[in-house]
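Colleague: Please see the structure below; I have some questions.
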Amino acid sequence: MEKAQYIWMNGNLVPWDEAKVHVLTHTLHYGLGAFEGIRCYKLDAGGSAVFRLREHLQRLWQSCRILAIDCPYSVDEMIEACLQTIRANELEQCYLRPLAYVADGEMGLAATMDNPVRLMVAAWPWGAYLGQDGLDKGIRVHTSSFQRYHVNTLMTKAKACGHYVNSILASVEARRAGYDEALMLDVDGYAAEGCGENLFIVRDGRVKTTPIATVLEGITRSAVMEILRDQGVEVVEERYTRDEVYIADEAFMTGTAAEVTPVRSLDDRDVGGGKPGPVTKKLQEAFFEIIRGKHPAYSRWLSRV
């Protein structure tokens with residue numbers, strides 16, 4: 001990771017190496033906290049803008065509510081904290097990581113009722129999450145032995161820190177086996193999502209993605225669905241099995257980190273022709289033009305730095 005100069009912590013900009021928490025921080029021990037991943041892009045016309053900043057921070061605030069922890073800042077205050085962090089670090093393009101965490105005080109599972117909740121925002125340069133080659137040619141995916149959790153086991157609408165143990169196990173398993181990413185199934189055996197991405201498939205020109213009941217309500221996911229519909233493509237939210245991915249014409253994953261990444265194979269079976277298909281390539285082209293400010297119709301998604 002390339003270090004930046006400052007991290008925003010509870011209202012103050014702190015030098016990167018001095019941004020510290022106590023070892024008895026509650027979230028460190030129990031995983032109860034909420035975070036977001038957000039990207040800032042350099043615009044073709046000059047300047048920079050953050051993609052769907054308000055939507056991300058609304059989800060962070062909502063995640064805190066789901067987890068029954070009191071977010072110490074409003075959405076507007078968190079927006080300003082993110083923009084301040086980018087400006088202070090003089091970054092034209094970067095990844096943003098706001099994190100709401102339960103601080104030290106009391107220990108024990110119920111200590112979240114009394115311990116203070118803190119907020120930090122970090123920013124650093126970060127390229128293609130699954131590699132530039134993955135963006136260009138597609139990634140190799142493997143169905144994980146780990147399942148996505150049931151909706152009443154963990155809260156699927158919260159982007160919670162502890163939830164990602166599930167994702168880490170699946171991701172490490174896939175990479176150790178030589179794949180780029182994992183496909184996780186839900187408890188009924190249907191395709192759910194990647195470790196940190198939503199999944200889409202294309203069959204006969206129709207795009208299908210998993211309903212949000214069992215997956216995170218992705219910010220990039222909803223943007224992609226709107227772009228596709230504006231392009232005249234039919235998009236439906238419907239459960240499907242992994243063997244339907246095997247016989248799909250195309251497949252791709254979306255997420256803040258992954259952006260729009262084609263899937264070229266699943267479980268060593270080529271998806272379509274084993275390369276990005278026409279729907280995916282047209283979507284990618286539109287998405288990367290939008291985040292660079294080339295489509296005024298989508299300017300509402302860009303928050304100028």
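Letters for chains follow the order of the structure tokens (A, B, ...), residue numbers begin at 1 for each chain, and ligand numbers begin at 1 in the order shown.
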Do a neighbour search on Ala182 (chain A) at 7 Å with only C-alpha atoms, toss out local chain neighbours closer than 2 positions, and write the hits as a list in words.
Modeller: Val141, His142, Thr143, Ser144, Ala170, Ser171, Ala174, Met184, Gly194 and Cys195 of chain A
Colleague: Counting only C-alpha atoms, which residues in region 103-190 of chain A sit no more than 7 Å from region 251-267 of chain A? For each one, give the nearest pair of atoms and the distance in Å, sorted by chain then residue number, as CSV.
Modeller:
```
residue,atom,partner,partner_atom,distance
A:Ala128,CA,A:Ala258,CA,6.7
A:Tyr129,CA,A:Ala258,CA,5.3
A:Leu130,CA,A:Ala258,CA,6.2
A:Gly134,CA,A:Thr261,CA,6.5
A:Leu135,CA,A:Thr261,CA,5.0
A:Gly138,CA,A:Pro262,CA,4.3
A:Ile139,CA,A:Val263,CA,4.9
A:Arg140,CA,A:Ser265,CA,5.0
A:Val141,CA,A:Leu266,CA,4.7
A:His142,CA,A:Asp267,CA,4.8
A:Thr143,CA,A:Asp267,CA,6.4
```
Colleague: For the selection just defined, write its residues with all heavy atoms to a file, as a short mmCIF file (atom, residue, chain, number, x, y, z; two decimals), in the first residue's frame.
Modeller:
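Below you can see out.cif, which holds the result:
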```cif
data_model
loop_
_atom_site.label_atom_id
_atom_site.label_comp_id
_atom_site.auth_asym_id
_atom_site.auth_seq_id
_atom_site.Cartn_x
_atom_site.Cartn_y
_atom_site.Cartn_z
N ALA A 128 -6.33 -1.10 -10.17
CA ALA A 128 -7.36 -2.10 -10.41
C ALA A 128 -7.27 -3.20 -9.35
O ALA A 128 -6.23 -3.85 -9.22
CB ALA A 128 -7.23 -2.69 -11.80
N TYR A 129 -8.34 -3.44 -8.63
CA TYR A 129 -8.35 -4.38 -7.50
C TYR A 129 -8.02 -5.80 -7.94
O TYR A 129 -7.27 -6.52 -7.28
CB TYR A 129 -9.73 -4.33 -6.83
CG TYR A 129 -9.93 -5.34 -5.73
CD1 TYR A 129 -9.18 -5.29 -4.56
CD2 TYR A 129 -10.90 -6.34 -5.84
CE1 TYR A 129 -9.36 -6.20 -3.54
CE2 TYR A 129 -11.10 -7.26 -4.82
CZ TYR A 129 -10.33 -7.18 -3.67
OH TYR A 129 -10.51 -8.09 -2.67
N LEU A 130 -8.58 -6.23 -9.05
CA LEU A 130 -8.33 -7.58 -9.57
C LEU A 130 -7.33 -7.56 -10.74
O LEU A 130 -7.25 -8.52 -11.50
CB LEU A 130 -9.65 -8.23 -9.99
CG LEU A 130 -10.61 -8.50 -8.82
CD1 LEU A 130 -12.00 -8.88 -9.31
CD2 LEU A 130 -10.07 -9.58 -7.89
N GLY A 134 -7.11 -8.37 -15.50
CA GLY A 134 -8.46 -8.85 -15.23
C GLY A 134 -9.52 -7.95 -15.82
O GLY A 134 -10.53 -8.42 -16.36
N LEU A 135 -9.30 -6.63 -15.74
CA LEU A 135 -10.25 -5.68 -16.34
C LEU A 135 -10.30 -5.85 -17.85
O LEU A 135 -11.37 -5.76 -18.45
CB LEU A 135 -9.84 -4.24 -16.00
CG LEU A 135 -10.26 -3.67 -14.65
CD1 LEU A 135 -9.72 -2.25 -14.50
CD2 LEU A 135 -11.77 -3.66 -14.49
N GLY A 138 -10.63 -10.38 -18.37
CA GLY A 138 -11.52 -11.17 -17.54
C GLY A 138 -10.75 -11.97 -16.50
O GLY A 138 -9.54 -12.18 -16.63
N ILE A 139 -11.44 -12.41 -15.47
CA ILE A 139 -10.82 -13.15 -14.37
C ILE A 139 -11.32 -14.59 -14.33
O ILE A 139 -12.38 -14.92 -14.84
CB ILE A 139 -11.09 -12.47 -13.01
CG1 ILE A 139 -12.61 -12.35 -12.75
CG2 ILE A 139 -10.41 -11.12 -12.94
CD1 ILE A 139 -12.96 -11.88 -11.36
N ARG A 140 -10.49 -15.44 -13.69
CA ARG A 140 -10.85 -16.85 -13.47
C ARG A 140 -11.43 -16.98 -12.07
O ARG A 140 -10.81 -16.58 -11.08
CB ARG A 140 -9.62 -17.73 -13.61
CG ARG A 140 -9.02 -17.71 -15.01
CD ARG A 140 -7.75 -18.54 -15.08
NE ARG A 140 -8.03 -19.96 -14.84
CZ ARG A 140 -7.57 -20.64 -13.79
NH1 ARG A 140 -6.81 -20.06 -12.87
NH2 ARG A 140 -7.86 -21.93 -13.66
N VAL A 141 -12.63 -17.54 -11.98
CA VAL A 141 -13.37 -17.61 -10.72
C VAL A 141 -13.60 -19.07 -10.35
O VAL A 141 -13.74 -19.94 -11.22
CB VAL A 141 -14.72 -16.85 -10.84
CG1 VAL A 141 -15.52 -16.93 -9.54
CG2 VAL A 141 -14.46 -15.39 -11.23
N HIS A 142 -13.62 -19.32 -9.05
CA HIS A 142 -13.83 -20.68 -8.53
C HIS A 142 -14.97 -20.64 -7.51
O HIS A 142 -15.03 -19.74 -6.67
CB HIS A 142 -12.54 -21.17 -7.86
CG HIS A 142 -12.66 -22.53 -7.24
ND1 HIS A 142 -12.89 -23.66 -7.98
CD2 HIS A 142 -12.57 -22.93 -5.94
CE1 HIS A 142 -12.92 -24.71 -7.16
NE2 HIS A 142 -12.74 -24.29 -5.93
N THR A 143 -15.87 -21.61 -7.58
CA THR A 143 -16.95 -21.69 -6.60
C THR A 143 -16.38 -22.09 -5.24
O THR A 143 -15.69 -23.09 -5.11
CB THR A 143 -18.02 -22.71 -7.03
OG1 THR A 143 -18.54 -22.32 -8.30
CG2 THR A 143 -19.17 -22.75 -6.02
#
```
Colleague: As a tab-separated table (two decimals) with N, CA, C and O atoms, in the first residue's frame, which residues of region 21-245 of chain A does DSSP assign to alpha helix (DSSP H)?
Modeller:
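Saved result, states-v9.tsv, follows:
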```tsv
chain	number	residue	atom	x	y	z
A	26	HIS	N	-12.81	-2.13	20.96
A	26	HIS	CA	-13.84	-3.18	20.93
A	26	HIS	C	-13.97	-3.82	19.55
A	26	HIS	O	-14.07	-5.04	19.41
A	27	THR	N	-13.97	-3.00	18.49
A	27	THR	CA	-14.13	-3.52	17.13
A	27	THR	C	-12.98	-4.44	16.75
A	27	THR	O	-13.17	-5.43	16.02
A	28	LEU	N	-11.79	-4.17	17.25
A	28	LEU	CA	-10.64	-5.03	16.97
A	28	LEU	C	-10.85	-6.43	17.50
A	28	LEU	O	-10.44	-7.42	16.90
A	29	HIS	N	-11.54	-6.55	18.63
A	29	HIS	CA	-11.75	-7.85	19.26
A	29	HIS	C	-12.97	-8.59	18.72
A	29	HIS	O	-12.94	-9.81	18.58
A	30	TYR	N	-14.04	-7.85	18.45
A	30	TYR	CA	-15.31	-8.51	18.15
A	30	TYR	C	-15.84	-8.26	16.73
A	30	TYR	O	-16.79	-8.91	16.32
A	53	LEU	N	-20.52	9.44	-3.69
A	53	LEU	CA	-20.06	9.65	-2.31
A	53	LEU	C	-21.22	9.64	-1.33
A	53	LEU	O	-21.16	8.98	-0.29
A	54	ARG	N	-22.28	10.39	-1.62
A	54	ARG	CA	-23.41	10.45	-0.67
A	54	ARG	C	-24.05	9.09	-0.49
A	54	ARG	O	-24.38	8.69	0.63
A	55	GLU	N	-24.22	8.34	-1.57
A	55	GLU	CA	-24.85	7.01	-1.46
A	55	GLU	C	-24.01	6.08	-0.57
A	55	GLU	O	-24.55	5.32	0.24
A	56	HIS	N	-22.70	6.16	-0.72
A	56	HIS	CA	-21.83	5.33	0.12
A	56	HIS	C	-21.96	5.70	1.59
A	56	HIS	O	-22.05	4.81	2.46
A	57	LEU	N	-21.99	6.98	1.88
A	57	LEU	CA	-22.02	7.39	3.28
A	57	LEU	C	-23.41	7.24	3.89
A	57	LEU	O	-23.53	7.03	5.10
A	58	GLN	N	-24.43	7.29	3.06
A	58	GLN	CA	-25.76	6.92	3.55
A	58	GLN	C	-25.78	5.46	3.95
A	58	GLN	O	-26.37	5.10	4.99
A	59	ARG	N	-25.14	4.62	3.15
A	59	ARG	CA	-25.08	3.20	3.50
A	59	ARG	C	-24.26	2.98	4.77
A	59	ARG	O	-24.60	2.12	5.60
A	60	LEU	N	-23.19	3.74	4.95
A	60	LEU	CA	-22.41	3.61	6.18
A	60	LEU	C	-23.26	3.97	7.40
A	60	LEU	O	-23.24	3.26	8.41
A	61	TRP	N	-24.00	5.07	7.29
A	61	TRP	CA	-24.87	5.49	8.40
A	61	TRP	C	-25.94	4.42	8.66
A	61	TRP	O	-26.21	4.08	9.81
A	62	GLN	N	-26.49	3.86	7.59
A	62	GLN	CA	-27.51	2.82	7.74
A	62	GLN	C	-26.92	1.54	8.33
A	62	GLN	O	-27.56	0.85	9.12
A	63	SER	N	-25.69	1.20	7.95
A	63	SER	CA	-25.02	0.03	8.52
A	63	SER	C	-24.89	0.18	10.03
A	63	SER	O	-25.11	-0.78	10.78
A	64	CYS	N	-24.50	1.38	10.47
A	64	CYS	CA	-24.40	1.63	11.92
A	64	CYS	C	-25.75	1.43	12.59
A	64	CYS	O	-25.83	0.84	13.68
A	65	ARG	N	-26.79	1.89	11.97
A	65	ARG	CA	-28.12	1.74	12.55
A	65	ARG	C	-28.51	0.26	12.65
A	65	ARG	O	-29.05	-0.18	13.67
A	66	ILE	N	-28.25	-0.49	11.60
A	66	ILE	CA	-28.55	-1.93	11.61
A	66	ILE	C	-27.79	-2.62	12.74
A	66	ILE	O	-28.32	-3.51	13.42
A	75	VAL	N	-24.43	12.27	7.70
A	75	VAL	CA	-23.96	11.96	6.36
A	75	VAL	C	-23.22	13.16	5.77
A	75	VAL	O	-22.14	13.02	5.18
A	76	ASP	N	-23.76	14.36	5.95
A	76	ASP	CA	-23.11	15.56	5.42
A	76	ASP	C	-21.74	15.78	6.07
A	76	ASP	O	-20.79	16.18	5.38
A	77	GLU	N	-21.63	15.54	7.35
A	77	GLU	CA	-20.34	15.69	8.03
A	77	GLU	C	-19.33	14.66	7.53
A	77	GLU	O	-18.14	14.97	7.37
A	78	MET	N	-19.80	13.46	7.26
A	78	MET	CA	-18.89	12.43	6.74
A	78	MET	C	-18.45	12.75	5.31
A	78	MET	O	-17.31	12.48	4.92
A	79	ILE	N	-19.35	13.33	4.52
A	79	ILE	CA	-18.98	13.76	3.17
A	79	ILE	C	-17.85	14.77	3.24
A	79	ILE	O	-16.84	14.66	2.52
A	80	GLU	N	-17.97	15.75	4.11
A	80	GLU	CA	-16.93	16.76	4.24
A	80	GLU	C	-15.63	16.16	4.74
A	80	GLU	O	-14.53	16.55	4.30
A	81	ALA	N	-15.71	15.18	5.65
A	81	ALA	CA	-14.50	14.52	6.15
A	81	ALA	C	-13.76	13.81	5.02
A	81	ALA	O	-12.52	13.86	4.93
A	82	CYS	N	-14.50	13.15	4.14
A	82	CYS	CA	-13.88	12.46	3.00
A	82	CYS	C	-13.22	13.44	2.05
A	82	CYS	O	-12.07	13.24	1.62
A	83	LEU	N	-13.92	14.52	1.72
A	83	LEU	CA	-13.36	15.51	0.81
A	83	LEU	C	-12.14	16.19	1.42
A	83	LEU	O	-11.13	16.45	0.74
A	84	GLN	N	-12.20	16.47	2.72
A	84	GLN	CA	-11.08	17.08	3.41
A	84	GLN	C	-9.85	16.17	3.39
A	84	GLN	O	-8.71	16.63	3.21
A	85	THR	N	-10.08	14.88	3.53
A	85	THR	CA	-8.97	13.92	3.52
A	85	THR	C	-8.29	13.88	2.15
A	85	THR	O	-7.05	13.85	2.06
A	86	ILE	N	-9.07	13.90	1.08
A	86	ILE	CA	-8.50	13.91	-0.27
A	86	ILE	C	-7.70	15.18	-0.50
A	86	ILE	O	-6.56	15.15	-1.00
A	87	ARG	N	-8.27	16.32	-0.12
A	87	ARG	CA	-7.59	17.60	-0.33
A	87	ARG	C	-6.29	17.68	0.46
A	87	ARG	O	-5.26	18.12	-0.06
A	88	ALA	N	-6.34	17.25	1.72
A	88	ALA	CA	-5.15	17.34	2.57
A	88	ALA	C	-4.01	16.49	2.03
A	88	ALA	O	-2.84	16.84	2.18
A	89	ASN	N	-4.36	15.37	1.40
A	89	ASN	CA	-3.34	14.48	0.85
A	89	ASN	C	-2.98	14.79	-0.59
A	89	ASN	O	-2.12	14.12	-1.17
A	132	GLN	N	-5.14	-5.03	-13.79
A	132	GLN	CA	-5.50	-4.45	-15.08
A	132	GLN	C	-5.77	-5.54	-16.12
A	132	GLN	O	-6.66	-5.40	-16.96
A	133	ASP	N	-5.03	-6.64	-16.02
A	133	ASP	CA	-5.26	-7.75	-16.95
A	133	ASP	C	-6.65	-8.33	-16.76
A	133	ASP	O	-7.30	-8.73	-17.73
A	134	GLY	N	-7.11	-8.37	-15.50
A	134	GLY	CA	-8.46	-8.85	-15.23
A	134	GLY	C	-9.52	-7.95	-15.82
A	134	GLY	O	-10.53	-8.42	-16.36
A	135	LEU	N	-9.30	-6.63	-15.74
A	135	LEU	CA	-10.25	-5.68	-16.34
A	135	LEU	C	-10.30	-5.85	-17.85
A	135	LEU	O	-11.37	-5.76	-18.45
A	136	ASP	N	-9.15	-6.08	-18.44
A	136	ASP	CA	-9.07	-6.14	-19.91
A	136	ASP	C	-9.52	-7.50	-20.46
A	136	ASP	O	-10.24	-7.55	-21.47
A	137	LYS	N	-9.11	-8.58	-19.82
A	137	LYS	CA	-9.32	-9.92	-20.38
A	137	LYS	C	-10.30	-10.78	-19.59
A	137	LYS	O	-10.74	-11.83	-20.08
A	164	TYR	N	-16.71	-9.79	6.95
A	164	TYR	CA	-15.70	-10.05	5.93
A	164	TYR	C	-14.75	-11.20	6.28
A	164	TYR	O	-13.91	-11.57	5.44
A	165	VAL	N	-14.89	-11.78	7.46
A	165	VAL	CA	-14.16	-13.03	7.73
A	165	VAL	C	-14.62	-14.09	6.73
A	165	VAL	O	-13.81	-14.84	6.17
A	166	ASN	N	-15.91	-14.13	6.47
A	166	ASN	CA	-16.48	-15.04	5.47
A	166	ASN	C	-15.84	-14.83	4.10
A	166	ASN	O	-15.43	-15.77	3.42
A	167	SER	N	-15.72	-13.56	3.71
A	167	SER	CA	-15.14	-13.22	2.41
A	167	SER	C	-13.65	-13.54	2.35
A	167	SER	O	-13.15	-14.00	1.31
A	168	ILE	N	-12.94	-13.28	3.45
A	168	ILE	CA	-11.50	-13.54	3.47
A	168	ILE	C	-11.22	-15.03	3.30
A	168	ILE	O	-10.34	-15.43	2.52
A	169	LEU	N	-11.95	-15.87	4.01
A	169	LEU	CA	-11.75	-17.31	3.89
A	169	LEU	C	-11.96	-17.78	2.45
A	169	LEU	O	-11.17	-18.57	1.92
A	170	ALA	N	-13.01	-17.27	1.81
A	170	ALA	CA	-13.30	-17.67	0.44
A	170	ALA	C	-12.25	-17.14	-0.53
A	170	ALA	O	-11.82	-17.84	-1.46
A	171	SER	N	-11.82	-15.90	-0.32
A	171	SER	CA	-10.84	-15.29	-1.21
A	171	SER	C	-9.50	-15.99	-1.13
A	171	SER	O	-8.87	-16.30	-2.17
A	172	VAL	N	-9.04	-16.25	0.07
A	172	VAL	CA	-7.75	-16.93	0.24
A	172	VAL	C	-7.80	-18.34	-0.35
A	172	VAL	O	-6.86	-18.79	-1.02
A	173	GLU	N	-8.91	-19.04	-0.12
A	173	GLU	CA	-9.07	-20.39	-0.68
A	173	GLU	C	-8.94	-20.35	-2.20
A	173	GLU	O	-8.23	-21.17	-2.81
A	174	ALA	N	-9.62	-19.39	-2.84
A	174	ALA	CA	-9.60	-19.30	-4.30
A	174	ALA	C	-8.20	-18.97	-4.82
A	174	ALA	O	-7.71	-19.57	-5.78
A	175	ARG	N	-7.54	-18.03	-4.18
A	175	ARG	CA	-6.23	-17.60	-4.67
A	175	ARG	C	-5.17	-18.68	-4.45
A	175	ARG	O	-4.26	-18.85	-5.28
A	176	ARG	N	-5.28	-19.40	-3.36
A	176	ARG	CA	-4.34	-20.51	-3.14
A	176	ARG	C	-4.52	-21.61	-4.18
A	176	ARG	O	-3.57	-22.34	-4.50
A	219	ILE	N	-23.43	-0.33	-4.34
A	219	ILE	CA	-23.58	1.00	-4.93
A	219	ILE	C	-23.24	0.96	-6.42
A	219	ILE	O	-23.95	1.52	-7.25
A	220	THR	N	-22.15	0.29	-6.76
A	220	THR	CA	-21.80	0.14	-8.18
A	220	THR	C	-22.82	-0.74	-8.88
A	220	THR	O	-23.16	-0.52	-10.04
A	221	ARG	N	-23.33	-1.76	-8.18
A	221	ARG	CA	-24.37	-2.64	-8.72
A	221	ARG	C	-25.55	-1.84	-9.22
A	221	ARG	O	-26.02	-2.02	-10.35
A	222	SER	N	-26.07	-0.93	-8.39
A	222	SER	CA	-27.26	-0.16	-8.79
A	222	SER	C	-26.94	0.80	-9.93
A	222	SER	O	-27.77	1.03	-10.82
A	223	ALA	N	-25.71	1.36	-9.94
A	223	ALA	CA	-25.32	2.25	-11.03
A	223	ALA	C	-25.26	1.48	-12.34
A	223	ALA	O	-25.75	1.96	-13.38
A	224	VAL	N	-24.67	0.30	-12.32
A	224	VAL	CA	-24.55	-0.53	-13.51
A	224	VAL	C	-25.92	-0.92	-14.04
A	224	VAL	O	-26.16	-0.92	-15.27
A	225	MET	N	-26.83	-1.25	-13.16
A	225	MET	CA	-28.18	-1.60	-13.60
A	225	MET	C	-28.85	-0.42	-14.31
A	225	MET	O	-29.54	-0.61	-15.33
A	226	GLU	N	-28.64	0.78	-13.79
A	226	GLU	CA	-29.22	1.97	-14.44
A	226	GLU	C	-28.57	2.22	-15.80
A	226	GLU	O	-29.27	2.53	-16.78
A	227	ILE	N	-27.26	2.09	-15.88
A	227	ILE	CA	-26.55	2.29	-17.15
A	227	ILE	C	-27.05	1.30	-18.20
A	227	ILE	O	-27.33	1.66	-19.35
A	228	LEU	N	-27.15	0.03	-17.81
A	228	LEU	CA	-27.59	-1.00	-18.75
A	228	LEU	C	-29.01	-0.71	-19.26
A	228	LEU	O	-29.28	-0.83	-20.47
A	229	ARG	N	-29.89	-0.33	-18.36
A	229	ARG	CA	-31.27	-0.03	-18.78
A	229	ARG	C	-31.30	1.18	-19.69
A	229	ARG	O	-32.09	1.22	-20.65
A	230	ASP	N	-30.45	2.17	-19.43
A	230	ASP	CA	-30.37	3.33	-20.32
A	230	ASP	C	-29.84	2.94	-21.69
A	230	ASP	O	-30.12	3.61	-22.69
A	242	ARG	N	-25.19	-21.96	-10.17
A	242	ARG	CA	-23.86	-21.79	-10.76
A	242	ARG	C	-23.75	-22.43	-12.14
A	242	ARG	O	-22.98	-21.95	-12.98
A	243	ASP	N	-24.54	-23.49	-12.41
A	243	ASP	CA	-24.43	-24.07	-13.75
A	243	ASP	C	-25.05	-23.15	-14.80
A	243	ASP	O	-24.73	-23.27	-16.00
A	244	GLU	N	-25.88	-22.21	-14.38
A	244	GLU	CA	-26.37	-21.22	-15.33
A	244	GLU	C	-25.26	-20.23	-15.69
A	244	GLU	O	-25.24	-19.69	-16.80
A	245	VAL	N	-24.34	-20.02	-14.76
A	245	VAL	CA	-23.16	-19.20	-15.07
A	245	VAL	C	-22.30	-19.93	-16.11
A	245	VAL	O	-21.76	-19.32	-17.03
```
Colleague: Measuring between only C-alpha atoms, which one of A:Leu199, A:Phe146, A:Trp126, A:Cys161 shows the shortest distance to Gly33 (chain A)?
Modeller: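 Closest to Gly33 (chain A) of all the choices is A:Cys161.
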Colleague: DSSP on the backbone, strand (DSSP E) only: what residues of region 108-277 of chain A does that give? Format it as a PyMOL selection string.
Modeller: chain A and resi 117-124+139-143+181-185+191-194+198-203+206-209+234-237+250-255+259-266+269-270
Colleague: Write out as a list in words which residues come within 8 Å of Tyr190 (chain A) when counting only C-alpha atoms, dropping same-chain ones fewer than 5 positions away.
Modeller: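 Non-adjacent residues within range: Leu185, Arg239, Tyr240, Thr241 and Arg242 of chain A.
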Colleague: One decimal, in Å: what's the spacing between CA of Glu234 (chain A) and CA of Glu217 (chain A)?
Modeller: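 Taking CA of Glu234 (chain A) as the start and CA of Glu217 (chain A) as the end point, the length is 19.3 Å.
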Colleague: Pick out the residues sitting within 12 Å of Leu91 (chain A), and hand them over as a list in words; count only C-alpha atoms, and ignore anything fewer than 3 positions along from it in its own chain.
Modeller: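 Returned residues: Glu2, Lys3, Ala4, Gln5, Tyr6, Arg39, Cys40, Tyr41, Lys42, Gly47, Ser48, Ala49, Val50, Cys82, Leu83, Gln84, Thr85, Ile86, Arg87, Ala88, Cys94, Tyr95, Leu96, Ala122, Ala123, Trp124, Pro125, Trp126 and Val305 of chain A.
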Colleague: Any chance you can output those residues with N, CA, C and O atoms as a compact mmCIF listing (two decimals), in the first residue's frame?
Modeller:
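out-v1.txt was written with the following content:
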```txt
# COMPACT_ATOMS: atom_id res chain seq x y z
N GLU A 2 0.54 2.19 -0.85
CA GLU A 2 1.26 3.46 -0.90
C GLU A 2 0.68 4.41 0.15
O GLU A 2 -0.50 4.75 0.12
N LYS A 3 1.50 4.86 1.07
CA LYS A 3 1.03 5.72 2.14
C LYS A 3 0.68 7.12 1.62
O LYS A 3 1.33 7.64 0.71
N ALA A 4 -0.33 7.71 2.24
CA ALA A 4 -0.62 9.12 2.03
C ALA A 4 -0.05 9.89 3.22
O ALA A 4 0.61 9.32 4.10
N GLN A 5 -0.31 11.18 3.29
CA GLN A 5 0.25 11.99 4.37
C GLN A 5 -0.59 11.93 5.64
O GLN A 5 -0.05 11.84 6.75
N TYR A 6 -1.91 12.01 5.48
CA TYR A 6 -2.79 12.17 6.64
C TYR A 6 -3.95 11.18 6.63
O TYR A 6 -4.42 10.76 5.57
N ARG A 39 -14.30 5.37 -4.30
CA ARG A 39 -13.23 5.79 -5.21
C ARG A 39 -13.39 7.24 -5.66
O ARG A 39 -14.50 7.71 -5.92
N CYS A 40 -12.25 7.89 -5.75
CA CYS A 40 -12.16 9.24 -6.33
C CYS A 40 -11.39 9.11 -7.64
O CYS A 40 -10.35 8.44 -7.69
N TYR A 41 -11.90 9.76 -8.68
CA TYR A 41 -11.30 9.65 -10.01
C TYR A 41 -10.87 11.02 -10.54
O TYR A 41 -11.52 12.04 -10.26
N LYS A 42 -9.82 11.01 -11.32
CA LYS A 42 -9.39 12.20 -12.04
C LYS A 42 -10.30 12.39 -13.25
O LYS A 42 -10.53 11.45 -14.02
N GLY A 47 -9.51 18.40 -12.65
CA GLY A 47 -10.07 18.23 -11.32
C GLY A 47 -10.36 16.77 -11.02
O GLY A 47 -10.07 15.87 -11.83
N SER A 48 -10.96 16.53 -9.87
CA SER A 48 -11.28 15.17 -9.43
C SER A 48 -12.69 15.14 -8.86
O SER A 48 -13.24 16.16 -8.45
N ALA A 49 -13.25 13.93 -8.82
CA ALA A 49 -14.60 13.76 -8.27
C ALA A 49 -14.71 12.38 -7.65
O ALA A 49 -14.09 11.41 -8.11
N VAL A 50 -15.52 12.29 -6.60
CA VAL A 50 -15.76 11.03 -5.91
C VAL A 50 -17.04 10.42 -6.46
O VAL A 50 -18.06 11.10 -6.60
N CYS A 82 -14.50 13.15 4.14
CA CYS A 82 -13.88 12.46 3.00
C CYS A 82 -13.22 13.44 2.05
O CYS A 82 -12.07 13.24 1.62
N LEU A 83 -13.92 14.52 1.72
CA LEU A 83 -13.36 15.51 0.81
C LEU A 83 -12.14 16.19 1.42
O LEU A 83 -11.13 16.45 0.74
N GLN A 84 -12.20 16.47 2.72
CA GLN A 84 -11.08 17.08 3.41
C GLN A 84 -9.85 16.17 3.39
O GLN A 84 -8.71 16.63 3.21
N THR A 85 -10.08 14.88 3.53
CA THR A 85 -8.97 13.92 3.52
C THR A 85 -8.29 13.88 2.15
O THR A 85 -7.05 13.85 2.06
N ILE A 86 -9.07 13.90 1.08
CA ILE A 86 -8.50 13.91 -0.27
C ILE A 86 -7.70 15.18 -0.50
O ILE A 86 -6.56 15.15 -1.00
N ARG A 87 -8.27 16.32 -0.12
CA ARG A 87 -7.59 17.60 -0.33
C ARG A 87 -6.29 17.68 0.46
O ARG A 87 -5.26 18.12 -0.06
N ALA A 88 -6.34 17.25 1.72
CA ALA A 88 -5.15 17.34 2.57
C ALA A 88 -4.01 16.49 2.03
O ALA A 88 -2.84 16.84 2.18
N CYS A 94 -7.87 8.27 -5.97
CA CYS A 94 -7.56 7.47 -4.79
C CYS A 94 -8.74 6.59 -4.40
O CYS A 94 -9.84 6.70 -4.93
N TYR A 95 -8.45 5.72 -3.44
CA TYR A 95 -9.47 4.89 -2.78
C TYR A 95 -9.68 5.48 -1.39
O TYR A 95 -8.72 5.87 -0.72
N LEU A 96 -10.91 5.55 -0.96
CA LEU A 96 -11.27 6.08 0.36
C LEU A 96 -11.81 4.97 1.25
O LEU A 96 -12.60 4.14 0.80
N ALA A 122 -9.43 7.17 5.73
CA ALA A 122 -8.11 7.08 5.12
C ALA A 122 -8.26 7.13 3.60
O ALA A 122 -9.31 6.77 3.05
N ALA A 123 -7.21 7.58 2.92
CA ALA A 123 -7.20 7.64 1.46
C ALA A 123 -5.81 7.29 0.96
O ALA A 123 -4.82 7.67 1.57
N TRP A 124 -5.76 6.54 -0.14
CA TRP A 124 -4.47 6.19 -0.72
C TRP A 124 -4.66 5.84 -2.19
O TRP A 124 -5.76 5.44 -2.61
N PRO A 125 -3.60 5.95 -2.99
CA PRO A 125 -3.70 5.54 -4.40
C PRO A 125 -3.87 4.02 -4.49
O PRO A 125 -3.20 3.27 -3.78
N TRP A 126 -4.78 3.58 -5.35
CA TRP A 126 -5.02 2.14 -5.52
C TRP A 126 -5.50 1.89 -6.93
O TRP A 126 -6.49 2.48 -7.37
N VAL A 305 -14.18 17.36 -5.85
CA VAL A 305 -13.27 17.57 -4.73
C VAL A 305 -12.89 19.04 -4.65
O VAL A 305 -12.81 19.62 -3.59
```
